[in-house]
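Report on one structure; see the data block that follows.
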2 protein chains.
Amino acid sequence: MGQRSRATTIADVAAHAGVSQASVSRVLNGRSSVDPEIVRRVQASIAELEYRPSPTARSLVNGRNNTVAMVVPDLENPLFQGILKGLSLAAARDGYRVLVADTAENVDDEEEIAVEARQRCDALVLCAPRMPEAKLRALVDAVSPVVVVNRPLPGADVPVVGVDYVRGIRDLVDHLHDLGHRRIAYASGPPTSASNAERRRGVAEALAAHPDVRIDEVPGGSRLDDGYAASDAVLAAHRDGCTAVIAFNDLVALGLMTRLHELGVEVPRDLSIAGFDDVPMAGFATPRLTSMSVPRGEIGGQVWLRLRTLIEGGPVEHSVLYSPRLEARGSTAAVAEGVA
Amino acid sequence: MGQRSRATTIADVAAHAGVSQASVSRVLNGRSSVDPEIVRRVQASIAELEYRPSPTARSLVNGRNNTVAMVVPDLENPLFQGILKGLSLAAARDGYRVLVADTAENVDDEEEIAVEARQRCDALVLCAPRMPEAKLRALVDAVSPVVVVNRPLPGADVPVVGVDYVRGIRDLVDHLHDLGHRRIAYASGPPTSASNAERRRGVAEALAAHPDVRIDEVPGGSRLDDGYAASDAVLAAHRDGCTAVIAFNDLVALGLMTRLHELGVEVPRDLSIAGFDDVPMAGFATPRLTSMSVPRGEIGGQVWLRLRTLIEGGPVEHSVLYSPRLEARGSTAAVAEGVA
DNA sequence: CTGTTAGCGCGTTCAC
DNA sequence: GTGAACGCGCTAACAG
C-alpha cells in the first residue's frame, strides 16, 4: 500500500533529518516534548521526501484501523443509503472510514460476511432485518463492538439505533382515522423482516386504540414493482370496503399508485394511500405521497456516536428510537361523504 | 482489531499443535506441501482455539489490504449507488472489500480525501465529476492504481469506465426528432459537471446532424427539486415554441413533471419530457418517463475488473464506454398535428 | 518437508 | 530530551 514501488519509511526520514526514528515518530504524533529544532528538521524532511506514514503499520502496532464496517442487505435501498451517508460523514470527522459489505439479501451469508468484515475493522454496524433473532443475538456477541440498526433487540448488550415503527404506524392510523377512514388495508413487507413485524405490532395497537377501525393485511413487498403487483389485492380490499392503504414503505406505495392510476383508480378520491420512510421522491409523486418521515442521516450519525464510544472502551450507550414524523400530503384525504 | 482482549495468534496455534509458526502459516495459505498429519493437527488446533489470522499483520507483510476505496461526491445519488453496489459485489467475489469516501460535493476536499483513502487501500475508484481536469490528471498519477468513472480523460494513463453521454443525447434527440419535435429544450446539469459537458457536446452534434432542429438550453440541475424549480424556464421555452424537454437526468425530469402537472401542463400532450439514467422510479412515473438506460451495476463490475488487473501488476486495460439504451415510454409522444 | 531467522513499518518502553 | 532495542502478527527466505 502507499506509494508504488519502495515507499519511503520513517527510517528514511530519520536518516534524512539526522535523528532517530523515535524522534520522527514523536513529532508525527505530537508525543512528549521534542526540541523545536528537531521538530523543524523532521518536518522539513517529511515535506521534502513526501513521507506519509503507513496506515497498515500503524494499525498493527496500535491495534486499530480507524475503519468501521457496515453490513447491509442491499446498498440500493434508500433507507440504508441515507444511514450509510450519515455514518460515513460523521465518522470522517473523527478520522474514520467506512467499509461496506453488501450481503445481496442473502441471509445465509450474512453471518460470515459480518465476521469477516469485523475482522478487518475496529467495529461493526449491523443492518440485518431478516436474520433470525437468536442468530443475531449470538452474532452480536461474536463481533463486538457493534451497533445494531433498525430492529429491536431487548436485553441484548448492544446499542440499537432505529425507528419506532410501532408508533409510526399508530400515528399513521390516527391520521387516517381523523380523516374518517374506518376500513384500512396494510400492504405488508417481507414476511421475515423485523421492521415488518414492528409495523404489524403498530397495526395491532392501532386496532386496540380504535375499536371502530378494521385493518386487513394484504401481501405487499419492499420495492416499486412489489407495490405495482400488489394492486390486485389492494383493489380486492377496496371492493370489500377499504378506503385507505398503508404501504410497507414509500417504494411500495409509489408502485401501487402507479398501477392504480393506470387502472383509473383516483388517489385520494377513490382510495387514500400512505407510505413510510419519506424518501425524496415521496414529495414529488402525483399526488404527493403522505408518508412517515425518518431521519436517515441522523440515524447514521447516532450510530457513529455509539460506535466511537465503544471503540474507545466506553460503556454500551443507550439505544435510541426515532419517532417517525407524519408528512401529511395529497395522497390521503377525508373519506367521501356518506361512505364513512 | 480481531477479538476483544488478547487475540489468539499464530504462535498460540503453533504451540498448541506442537509445530512451528511457519508450518501453521503454510497450512493457512496452502503453500508448498505439508505433511498430512501436521495439516490435521494444525487444523484441529485452529478450530479448537478459534484462531483467525490478523488481516492487518497480513497486510503489513504482503503489502496488500484486499481493500479498494471509492470516492464519490454524494452517496445518495442513484447512479453512484448502483456503481458502488456492482463494484462491491464483484470485488467481494475476489475477496476484496470496498471503502467508501463521500466528499459531500466538496470539490476542494476531494484531492485530500482521495489521497488519504488510497493510502489505506490497494487501489482507488474516482468519481469526481466536478474536479477540474488538470487537477484530476495530476491526482490520477499520484494515486495509481486507479480507475476513473464517468468522465473522459483522453491520453491519461488510466482506465476509464463510463457512459457515452454524447451518443446518449444524440440518440435521445433522434428519438424526439422521429416523433416530429423540432424545437427542444435542454435542462442542463451542474455547470462544472463533466457529464454535463458531454451532454452538451451531444446536443451540439445532434444539432449538426439535424439542421432542422433547434435546441435551447435552460438551467436545470441534478436533483428533484432542481427539476421542480426549472419549470418556469421550461415553460418560457415552451411558450417560445419548444415541444420537448431533455432533462440532465431522471431526477430533474421527475421533479419537472411534478411541477408541470401541478400547473396543468399535460405530459406528453402539451410537452414531451425525457430523462437520463433510467433510475428505478422512471418506469413508475406518471406518465412513465422516457429515459436513457445506463447499466450501473455492470459499470461497477467493469471497474472492478480493471482495478484487479492493475492491482496484480497488469497493464492499464482499455477504457470502456457504455452506450445508453433508449427506453421510450409514455412521457414522449409525437408532436400534435399542425404544430410540427 | 520442517524449523529457524529475518524483516514488513511503526510506536514505545527503557536506559542514557 | 533523545536514541537503541523490542515487539505488533505474519510471511518468506534460508538451512537442515
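We name chains A, B, ... following the order of the C-alpha cells; residues begin at 1 in each chain, and ligands are numbered from 1 as shown.
Within 10 Å of chain D, and using only C-alpha atoms (C1' of nucleotides), the residues found on chain A are Val19, Ser20, Gln21, Ala22, Ser23, Ser32, Ser33, Val34, Asp35, Ala57, Arg58, Ser59, Leu60, Val61, Asn62 and Gly63 of chain A.
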Which chain B residues have any atom within 8 Å of an atom of chain A, and for each, what is the nearest pair of atoms with distance in Å to one decimal, counting only C-alpha atoms, rows sorted by chain and number, as a Markdown table?
| residue | atom | partner | partner_atom | distance |
| --- | --- | --- | --- | --- |
| B:Met1 | CA | A:Asp122 | CA | 5.2 |
| B:Gly2 | CA | A:Gln119 | CA | 5.0 |
| B:Gln3 | CA | A:Val143 | CA | 7.8 |
| B:Arg4 | CA | A:Ser144 | CA | 7.5 |
| B:Ser54 | CA | A:Gln119 | CA | 7.5 |
| B:Pro55 | CA | A:Arg120 | CA | 6.1 |
| B:Thr56 | CA | A:Leu60 | CA | 5.8 |
| B:Ala57 | CA | A:Leu60 | CA | 6.0 |
| B:Ser59 | CA | A:Thr56 | CA | 6.7 |
| B:Leu60 | CA | A:Thr56 | CA | 5.8 |
| B:Gly63 | CA | A:Met1 | CA | 5.5 |
| B:Arg64 | CA | A:Met1 | CA | 5.9 |
| B:Asn65 | CA | A:Met1 | CA | 7.3 |
| B:Leu75 | CA | A:Lys85 | CA | 6.0 |
| B:Glu76 | CA | A:Gln81 | CA | 6.2 |
| B:Pro78 | CA | A:Glu76 | CA | 7.8 |
| B:Gln81 | CA | A:Glu76 | CA | 6.2 |
| B:Gly82 | CA | A:Glu76 | CA | 6.6 |
| B:Lys85 | CA | A:Leu75 | CA | 6.0 |
| B:Ser88 | CA | A:Asp102 | CA | 6.9 |
| B:Leu89 | CA | A:Asp102 | CA | 7.0 |
| B:Arg97 | CA | A:Ala101 | CA | 7.0 |
| B:Val98 | CA | A:Leu99 | CA | 5.7 |
| B:Leu99 | CA | A:Leu99 | CA | 4.3 |
| B:Val100 | CA | A:Val98 | CA | 5.9 |
| B:Ala101 | CA | A:Arg97 | CA | 7.0 |
| B:Asp102 | CA | A:Ser88 | CA | 7.0 |
| B:Ala104 | CA | A:Leu89 | CA | 7.9 |
| B:Arg118 | CA | A:Gly2 | CA | 7.3 |
| B:Gln119 | CA | A:Gly2 | CA | 4.9 |
| B:Arg120 | CA | A:Pro55 | CA | 6.1 |
| B:Cys121 | CA | A:Met1 | CA | 6.2 |
| B:Asp122 | CA | A:Met1 | CA | 5.5 |
| B:Val143 | CA | A:Gln3 | CA | 7.8 |
| B:Ser144 | CA | A:Arg4 | CA | 7.5 |
| B:Leu224 | CA | A:Met281 | CA | 7.5 |
| B:Leu254 | CA | A:Phe284 | CA | 7.5 |
| B:Gly255 | CA | A:Phe284 | CA | 6.3 |
| B:Thr258 | CA | A:Phe284 | CA | 5.8 |
| B:His261 | CA | A:Thr286 | CA | 8.0 |
| B:Pro280 | CA | A:Leu224 | CA | 7.8 |
| B:Met281 | CA | A:Leu224 | CA | 7.5 |
| B:Phe284 | CA | A:Thr258 | CA | 5.8 |
| B:Ala285 | CA | A:Thr258 | CA | 6.7 |
| B:Thr286 | CA | A:Thr258 | CA | 6.7 |
As JSON, numbers by chain, please: all residues of range 188-309 of chain B that backbone DSSP puts in alpha helix (DSSP H).
-> {"B": [194, 195, 196, 197, 198, 199, 200, 201, 202, 203, 204, 205, 206, 207, 208, 209, 224, 225, 226, 227, 228, 229, 231, 232, 233, 234, 235, 236, 237, 238, 239, 250, 251, 252, 253, 254, 255, 256, 257, 258, 259, 260, 261, 262, 296, 297, 298, 299, 300, 301, 302, 303, 304, 305, 306, 307, 308, 309]}
Can I get the selection written as a PDB file, in the first residue's frame, with C-alpha atoms?
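Dumped to selection-v9.pdb:
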ATOM      1  CA  ALA B 194     -18.023  16.751 -16.719  1.00  0.00           C
ATOM      2  CA  SER B 195     -21.005  14.678 -17.768  1.00  0.00           C
ATOM      3  CA  ASN B 196     -22.973  17.849 -18.367  1.00  0.00           C
ATOM      4  CA  ALA B 197     -20.242  18.973 -20.714  1.00  0.00           C
ATOM      5  CA  GLU B 198     -20.525  15.635 -22.506  1.00  0.00           C
ATOM      6  CA  ARG B 199     -24.247  16.020 -22.823  1.00  0.00           C
ATOM      7  CA  ARG B 200     -23.786  19.456 -24.272  1.00  0.00           C
ATOM      8  CA  ARG B 201     -21.442  18.009 -26.844  1.00  0.00           C
ATOM      9  CA  GLY B 202     -24.184  15.551 -27.649  1.00  0.00           C
ATOM     10  CA  VAL B 203     -26.554  18.450 -28.123  1.00  0.00           C
ATOM     11  CA  ALA B 204     -24.098  20.131 -30.464  1.00  0.00           C
ATOM     12  CA  GLU B 205     -23.626  17.001 -32.537  1.00  0.00           C
ATOM     13  CA  ALA B 206     -27.344  16.435 -32.702  1.00  0.00           C
ATOM     14  CA  LEU B 207     -27.807  19.942 -33.995  1.00  0.00           C
ATOM     15  CA  ALA B 208     -25.233  19.305 -36.680  1.00  0.00           C
ATOM     16  CA  ALA B 209     -26.999  16.111 -37.666  1.00  0.00           C
ATOM     17  CA  LEU B 224     -35.647  16.515  -7.879  1.00  0.00           C
ATOM     18  CA  ASP B 225     -36.058  19.991  -6.501  1.00  0.00           C
ATOM     19  CA  ASP B 226     -33.863  21.424  -9.229  1.00  0.00           C
ATOM     20  CA  GLY B 227     -36.221  19.979 -11.791  1.00  0.00           C
ATOM     21  CA  TYR B 228     -39.195  21.293  -9.885  1.00  0.00           C
ATOM     22  CA  ALA B 229     -37.673  24.751  -9.840  1.00  0.00           C
ATOM     23  CA  SER B 231     -40.440  24.691 -14.553  1.00  0.00           C
ATOM     24  CA  ASP B 232     -40.538  28.437 -15.132  1.00  0.00           C
ATOM     25  CA  ALA B 233     -37.635  28.386 -17.530  1.00  0.00           C
ATOM     26  CA  VAL B 234     -39.035  25.342 -19.259  1.00  0.00           C
ATOM     27  CA  LEU B 235     -42.436  26.920 -19.676  1.00  0.00           C
ATOM     28  CA  ALA B 236     -40.862  30.028 -21.088  1.00  0.00           C
ATOM     29  CA  ALA B 237     -39.132  27.845 -23.651  1.00  0.00           C
ATOM     30  CA  HIS B 238     -42.422  26.123 -24.293  1.00  0.00           C
ATOM     31  CA  ARG B 239     -44.210  29.381 -24.972  1.00  0.00           C
ATOM     32  CA  ASP B 250     -34.208  11.469 -14.378  1.00  0.00           C
ATOM     33  CA  LEU B 251     -34.404  13.278 -11.069  1.00  0.00           C
ATOM     34  CA  VAL B 252     -34.605  16.610 -12.831  1.00  0.00           C
ATOM     35  CA  ALA B 253     -37.148  15.196 -15.254  1.00  0.00           C
ATOM     36  CA  LEU B 254     -39.299  13.789 -12.467  1.00  0.00           C
ATOM     37  CA  GLY B 255     -39.195  16.999 -10.460  1.00  0.00           C
ATOM     38  CA  LEU B 256     -40.106  18.929 -13.558  1.00  0.00           C
ATOM     39  CA  MET B 257     -43.008  16.629 -14.369  1.00  0.00           C
ATOM     40  CA  THR B 258     -44.361  17.051 -10.876  1.00  0.00           C
ATOM     41  CA  ARG B 259     -44.457  20.817 -11.220  1.00  0.00           C
ATOM     42  CA  LEU B 260     -45.868  20.725 -14.719  1.00  0.00           C
ATOM     43  CA  HIS B 261     -48.665  18.506 -13.533  1.00  0.00           C
ATOM     44  CA  GLU B 262     -49.448  20.974 -10.772  1.00  0.00           C
ATOM     45  CA  ARG B 296     -24.972   0.954 -13.270  1.00  0.00           C
ATOM     46  CA  GLY B 297     -24.199  -2.413 -11.775  1.00  0.00           C
ATOM     47  CA  GLU B 298     -22.255  -3.536 -14.783  1.00  0.00           C
ATOM     48  CA  ILE B 299     -20.181  -0.387 -14.721  1.00  0.00           C
ATOM     49  CA  GLY B 300     -19.209  -1.272 -11.175  1.00  0.00           C
ATOM     50  CA  GLY B 301     -18.256  -4.752 -12.333  1.00  0.00           C
ATOM     51  CA  GLN B 302     -16.094  -3.425 -15.152  1.00  0.00           C
ATOM     52  CA  VAL B 303     -14.432  -1.045 -12.760  1.00  0.00           C
ATOM     53  CA  TRP B 304     -13.506  -3.969 -10.564  1.00  0.00           C
ATOM     54  CA  LEU B 305     -12.078  -5.975 -13.454  1.00  0.00           C
ATOM     55  CA  ARG B 306      -9.737  -3.148 -14.351  1.00  0.00           C
ATOM     56  CA  LEU B 307      -8.848  -2.474 -10.774  1.00  0.00           C
ATOM     57  CA  ARG B 308      -7.968  -6.097 -10.188  1.00  0.00           C
ATOM     58  CA  THR B 309      -5.721  -6.235 -13.215  1.00  0.00           C
TER      59      THR B 309
END
Could you please select, counting only C-alpha atoms (C1' of nucleotides), the residues of chain C within 12 Å of chain B and state them as a ChimeraX atom specification?
-> /C:1-5,7-10
Preceding selection exported with C-alpha atoms (C1' of nucleotides) as a compact mmCIF listing (two decimals), in the first residue's frame:
# COMPACT_ATOMS: atom_id res chain seq x y z
C1' DC C 1 9.16 -31.49 4.35
C1' DT C 2 10.19 -28.66 8.55
C1' DG C 3 12.04 -25.23 11.79
C1' DT C 4 14.82 -21.06 12.48
C1' DT C 5 15.61 -16.35 11.27
C1' DG C 7 12.09 -8.48 8.39
C1' DC C 8 7.24 -5.57 6.80
C1' DG C 9 6.79 -0.03 9.20
C1' DC C 10 5.78 1.89 13.17
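Of note, CA of Asn150 in chain B and CA of Tyr165 in chain B are spaced 9.2 Å apart.
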Which residues, written as a PyMOL selection string, have at least one atom at most 8 Å from Arg167 in chain A, with only C-alpha atoms (C1' of nucleotides) counted and residues fewer than 2 positions away on the same chain left out?
-> chain A and resi 164-165+169-171+202+323-324
CA of Glu50 in chain B and CA of Asp157 in chain A, how far apart in Å?
->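 Going from CA of Asp157 in chain A over to CA of Glu50 in chain B, I get 22.4 Å.
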Among listed residues A:Val24, A:Val213, A:Cys127, A:Ala328, nearest Val39 in chain A (using only C-alpha atoms) | A:Val24
From a DSSP calculation on the backbone, collect every residue of range 10-98 of chain A in strand (DSSP E or B) and output the set as a list in words.
-> Thr67, Val68, Ala69, Met70, Val71, Val72, Arg97 and Val98 of chain A
Find the residues around Val148 in chain A up to 10 Å (only C-alpha atoms (C1' of nucleotides) counted), leave out those fewer than 3 positions away in its own chain, and share them as a list in words.
-> Met70, Val71, Leu124, Val125, Leu126, Cys127, Ala128, Pro129, Leu136, Val140, Arg151, Pro152, Leu153, Val158, Pro159, Val160, Val161, Gly162, Val303 and Ser319 of chain A
Output C-alpha atoms for every residue in that selection, as a compact mmCIF listing (two decimals), in the first residue's frame.
# COMPACT_ATOMS: atom_id res chain seq x y z
CA MET A 70 -21.33 -1.60 7.76
CA VAL A 71 -23.20 -4.72 6.72
CA LEU A 124 -19.32 -3.14 13.07
CA VAL A 125 -22.70 -1.76 12.10
CA LEU A 126 -25.25 -4.44 11.53
CA CYS A 127 -28.32 -3.98 9.34
CA ALA A 128 -29.79 -7.44 9.24
CA PRO A 129 -33.56 -7.08 9.17
CA LEU A 136 -28.44 -12.22 15.55
CA VAL A 140 -23.72 -9.65 18.11
CA ARG A 151 -34.50 -3.66 14.78
CA PRO A 152 -35.19 -4.17 18.46
CA LEU A 153 -33.03 -6.49 20.49
CA VAL A 158 -25.76 -3.74 22.29
CA PRO A 159 -26.80 -0.23 21.40
CA VAL A 160 -29.61 -0.16 18.90
CA VAL A 161 -30.37 2.86 16.76
CA GLY A 162 -33.62 2.66 14.96
CA VAL A 303 -24.73 5.07 15.11
CA SER A 319 -30.30 2.65 22.46
Might you pull out every residue within 9 Å of range 12-17 of chain A, with only C-alpha atoms (C1' of nucleotides) counted and same-chain residues fewer than 6 positions away left off, and present them as an mmCIF file with N, CA, C and O atoms, in the first residue's frame?
data_model
loop_
_atom_site.group_PDB
_atom_site.id
_atom_site.type_symbol
_atom_site.label_atom_id
_atom_site.label_comp_id
_atom_site.auth_asym_id
_atom_site.auth_seq_id
_atom_site.Cartn_x
_atom_site.Cartn_y
_atom_site.Cartn_z
ATOM 1 N N SER A 23 12.362 9.843 17.353
ATOM 2 C CA SER A 23 12.065 11.274 17.324
ATOM 3 C C SER A 23 11.070 11.608 16.220
ATOM 4 O O SER A 23 10.147 12.393 16.416
ATOM 5 N N VAL A 24 11.276 10.997 15.087
ATOM 6 C CA VAL A 24 10.340 11.236 13.990
ATOM 7 C C VAL A 24 8.943 10.834 14.427
ATOM 8 O O VAL A 24 7.968 11.571 14.240
ATOM 9 N N ILE A 38 14.665 20.075 16.363
ATOM 10 C CA ILE A 38 14.446 18.742 15.782
ATOM 11 C C ILE A 38 13.123 18.697 15.050
ATOM 12 O O ILE A 38 13.011 18.162 13.947
ATOM 13 N N ARG A 41 13.519 20.261 11.715
ATOM 14 C CA ARG A 41 14.270 19.430 10.767
ATOM 15 C C ARG A 41 13.430 18.253 10.272
ATOM 16 O O ARG A 41 13.384 17.952 9.071
ATOM 17 N N VAL A 42 12.760 17.602 11.217
ATOM 18 C CA VAL A 42 11.943 16.442 10.844
ATOM 19 C C VAL A 42 10.840 16.850 9.876
ATOM 20 O O VAL A 42 10.617 16.201 8.848
ATOM 21 N N GLN A 43 10.155 17.916 10.216
ATOM 22 C CA GLN A 43 9.061 18.352 9.348
ATOM 23 C C GLN A 43 9.569 18.703 7.961
ATOM 24 O O GLN A 43 8.907 18.423 6.953
ATOM 25 N N ALA A 44 10.741 19.304 7.921
ATOM 26 C CA ALA A 44 11.321 19.638 6.617
ATOM 27 C C ALA A 44 11.588 18.358 5.818
ATOM 28 O O ALA A 44 11.273 18.270 4.626
ATOM 29 N N SER A 45 12.156 17.381 6.488
ATOM 30 C CA SER A 45 12.463 16.123 5.805
ATOM 31 C C SER A 45 11.180 15.436 5.317
ATOM 32 O O SER A 45 11.115 14.905 4.208
ATOM 33 N N ILE A 46 10.181 15.453 6.173
ATOM 34 C CA ILE A 46 8.901 14.841 5.796
ATOM 35 C C ILE A 46 8.365 15.493 4.530
ATOM 36 O O ILE A 46 7.945 14.817 3.586
ATOM 37 N N LEU A 49 10.702 14.663 1.448
ATOM 38 C CA LEU A 49 10.611 13.272 0.990
ATOM 39 C C LEU A 49 9.170 12.873 0.659
ATOM 40 O O LEU A 49 8.907 11.750 0.224
ATOM 41 N N TYR A 51 6.943 12.156 2.696
ATOM 42 C CA TYR A 51 6.686 10.968 3.506
ATOM 43 C C TYR A 51 5.245 10.921 3.982
ATOM 44 O O TYR A 51 4.686 11.940 4.381
#
